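Beneath this line is the structure, given in structure tokens, with notes to follow.
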Amino acid sequence: MPKIQISPSILSADLARLGDDVKAVLDAGADVIHFDVMDNHYVPNLTFGPAILTALRDYGITAPIDVHLMVEPVDDLISQFADAGANMISFHPEASQHVHRSLQLIKQRGIQAGLVLNPGTPLSVLDEVLHELDFVLIMSVNPGFGGQQFIPHSLDKIKRLQQLINEKELNCYICVDGGVKTDNIAEITAAGASYFVAGSAIFNADDYQQAISTMRDNAEQALSS
Ligand SMILES: O=C(CO)[C@H](O)[C@H](O)COP(=O)(O)O
């Protein structure tokens with residue numbers, strides 16, 4: 001049975017007290033911190049650079065950090081985020097001229113490598129590189145903003161990806177990002193995902209611990225049924 005992982009997206013954190021809010025979600029049971037990097041070029045929003053990741057490490061955050069690059073180009077920032085202490089790095093295939101080379105840059109640093117598929121990006125972009133990936137991140141909203149609605153067609157895409165991974169007997173796990181909530185995580189798990197990025201559902205909750213444990217319980221129930 002795959003391990004369920006809950007990864008709060010700092011896009012929805014209280015940015016004026018980011019270090020404390022990250023500590024709070026980790027204390028509440030989060031497995032990984034999802035770090036959204038936006039460049040106002042690949043996506044129409046601007047967020048965090050490697051200096052912020054370094055600041056979190058210096059503040060005592062030792063938990064795994066999952067860097068989602070919504071930038072173009074990617075290679076230079078892969079090296080900078082590797083230096084800053086990322087544990088997972090993913091990027092969008094449209095944003096790299098040489099996808100295989102960019103993946104090698106991540107893997108050479110001993111970091112888990114993933115590709116991110118937008119709602120409009122077909123699974124066929126994975127054909128020649130799926131065997132190189134530790135994970136695939138399925139965007140279930142268009143990237144750029146937190147608080148959007150889950151796109152239902154994503155469920156079918158996750159199922160088809162899981163089938164592909166099974167057919168090829170790969171260890172690659174499926175992550176989902178966008179509109180993940182306590183009331184839809186079970187069906188997303190049943191489709192094949194085991195890693196859940198959630199921003200507003202966690203950081204906007206009154207009780208982080210309750211939000212995370214409800215998500216985990218609902219996902220684990222779906223796995224065992
Ligand atoms: O990558 C993202 C947007 O590009 C965010 O991680 C994502 O949308 C999470 O926010 P929410 O859970 O509120 O939908």
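Convention: chains lettered A, B, ... in structure tokens order; per-chain residue numbering from 1; ligands numbered from 1 as shown.
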Per-residue nearest contacts chain A to ligand 1, cut-off 10 Å, using only C-alpha atoms and all ligand atoms, as a Markdown table:
| residue | atom | partner | partner_atom_place_in_ligand_line | distance |
| --- | --- | --- | --- | --- |
| A:Ser7 | CA | ligand 1 | 6 (O) | 9.2 |
| A:Pro8 | CA | ligand 1 | 12 (O) | 7.8 |
| A:Ser9 | CA | ligand 1 | 6 (O) | 5.0 |
| A:Ile10 | CA | ligand 1 | 6 (O) | 7.6 |
| A:Leu11 | CA | ligand 1 | 5 (C) | 6.4 |
| A:Ser12 | CA | ligand 1 | 13 (O) | 6.6 |
| A:His34 | CA | ligand 1 | 6 (O) | 7.0 |
| A:Phe35 | CA | ligand 1 | 6 (O) | 7.7 |
| A:Asp36 | CA | ligand 1 | 1 (O) | 5.8 |
| A:Val37 | CA | ligand 1 | 1 (O) | 8.3 |
| A:Met38 | CA | ligand 1 | 4 (O) | 8.0 |
| A:Val43 | CA | ligand 1 | 4 (O) | 8.1 |
| A:Pro44 | CA | ligand 1 | 4 (O) | 9.7 |
| A:Asn45 | CA | ligand 1 | 4 (O) | 8.9 |
| A:His68 | CA | ligand 1 | 1 (O) | 7.2 |
| A:Leu69 | CA | ligand 1 | 1 (O) | 9.0 |
| A:Met70 | CA | ligand 1 | 4 (O) | 7.6 |
| A:Val116 | CA | ligand 1 | 1 (O) | 9.9 |
| A:Asn118 | CA | ligand 1 | 4 (O) | 9.5 |
| A:Leu137 | CA | ligand 1 | 1 (O) | 9.9 |
| A:Met139 | CA | ligand 1 | 1 (O) | 7.5 |
| A:Ser140 | CA | ligand 1 | 8 (O) | 8.1 |
| A:Val141 | CA | ligand 1 | 8 (O) | 6.5 |
| A:Asn142 | CA | ligand 1 | 4 (O) | 6.5 |
| A:Pro143 | CA | ligand 1 | 4 (O) | 3.3 |
| A:Gly144 | CA | ligand 1 | 4 (O) | 3.8 |
| A:Phe145 | CA | ligand 1 | 3 (C) | 4.4 |
| A:Gly146 | CA | ligand 1 | 10 (O) | 3.6 |
| A:Gly147 | CA | ligand 1 | 13 (O) | 3.6 |
| A:Gln148 | CA | ligand 1 | 14 (O) | 5.0 |
| A:Gln149 | CA | ligand 1 | 14 (O) | 6.8 |
| A:Phe150 | CA | ligand 1 | 14 (O) | 7.3 |
| A:Val176 | CA | ligand 1 | 7 (C) | 9.1 |
| A:Asp177 | CA | ligand 1 | 7 (C) | 5.4 |
| A:Gly178 | CA | ligand 1 | 14 (O) | 3.6 |
| A:Gly179 | CA | ligand 1 | 14 (O) | 3.8 |
| A:Val180 | CA | ligand 1 | 12 (O) | 5.4 |
| A:Lys181 | CA | ligand 1 | 12 (O) | 7.3 |
| A:Phe196 | CA | ligand 1 | 12 (O) | 9.0 |
| A:Val197 | CA | ligand 1 | 6 (O) | 6.2 |
| A:Ala198 | CA | ligand 1 | 12 (O) | 3.7 |
| A:Gly199 | CA | ligand 1 | 12 (O) | 3.6 |
| A:Ser200 | CA | ligand 1 | 13 (O) | 3.7 |
| A:Ala201 | CA | ligand 1 | 12 (O) | 5.9 |
| A:Ile202 | CA | ligand 1 | 12 (O) | 7.8 |
| A:Phe203 | CA | ligand 1 | 13 (O) | 8.6 |
| A:Asn204 | CA | ligand 1 | 13 (O) | 8.8 |
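Taking atom CA of A:Arg57 and atom CA of A:Met215 as the two end points, the separation is 26.4 Å.
When atom CA of A:Asp127 is paired with atom CA of A:Pro64, their separation reads 28.2 Å.
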> Neighbours of A:Ile89 within 8 Å (only C-alpha atoms; same-chain residues fewer than 3 positions away dropped), as a PyMOL selection string?
Replying inline: chain A and resi 66-69+78+86+106+111-114
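Distances to A:Ala51 were evaluated for A:Asp183, A:Asp31, A:Asp83, A:Asp206 using only C-alpha atoms, and the minimum falls at A:Asp83.
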> From the set A:Lys159, A:His153, A:Lys168, A:Arg17, which residue has the shortest atom-to-atom contact distance to A:Val129, counting only C-alpha atoms?
Replying inline: A:Lys168
>> Between atom CA of A:Thr54 and atom CA of A:Asp14, what is the distance in Å, rounded to a tenth?
In response: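 So the two atoms, atom CA of A:Thr54 and atom CA of A:Asp14, lie 17.9 Å apart.
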>> Counting only C-alpha atoms, which residue out of A:Gly192, A:Gly19, A:Gly29, A:Gly110 sits closest to A:Gln210?
In response: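 Of all the options, A:Gly29 lies closest to A:Gln210.
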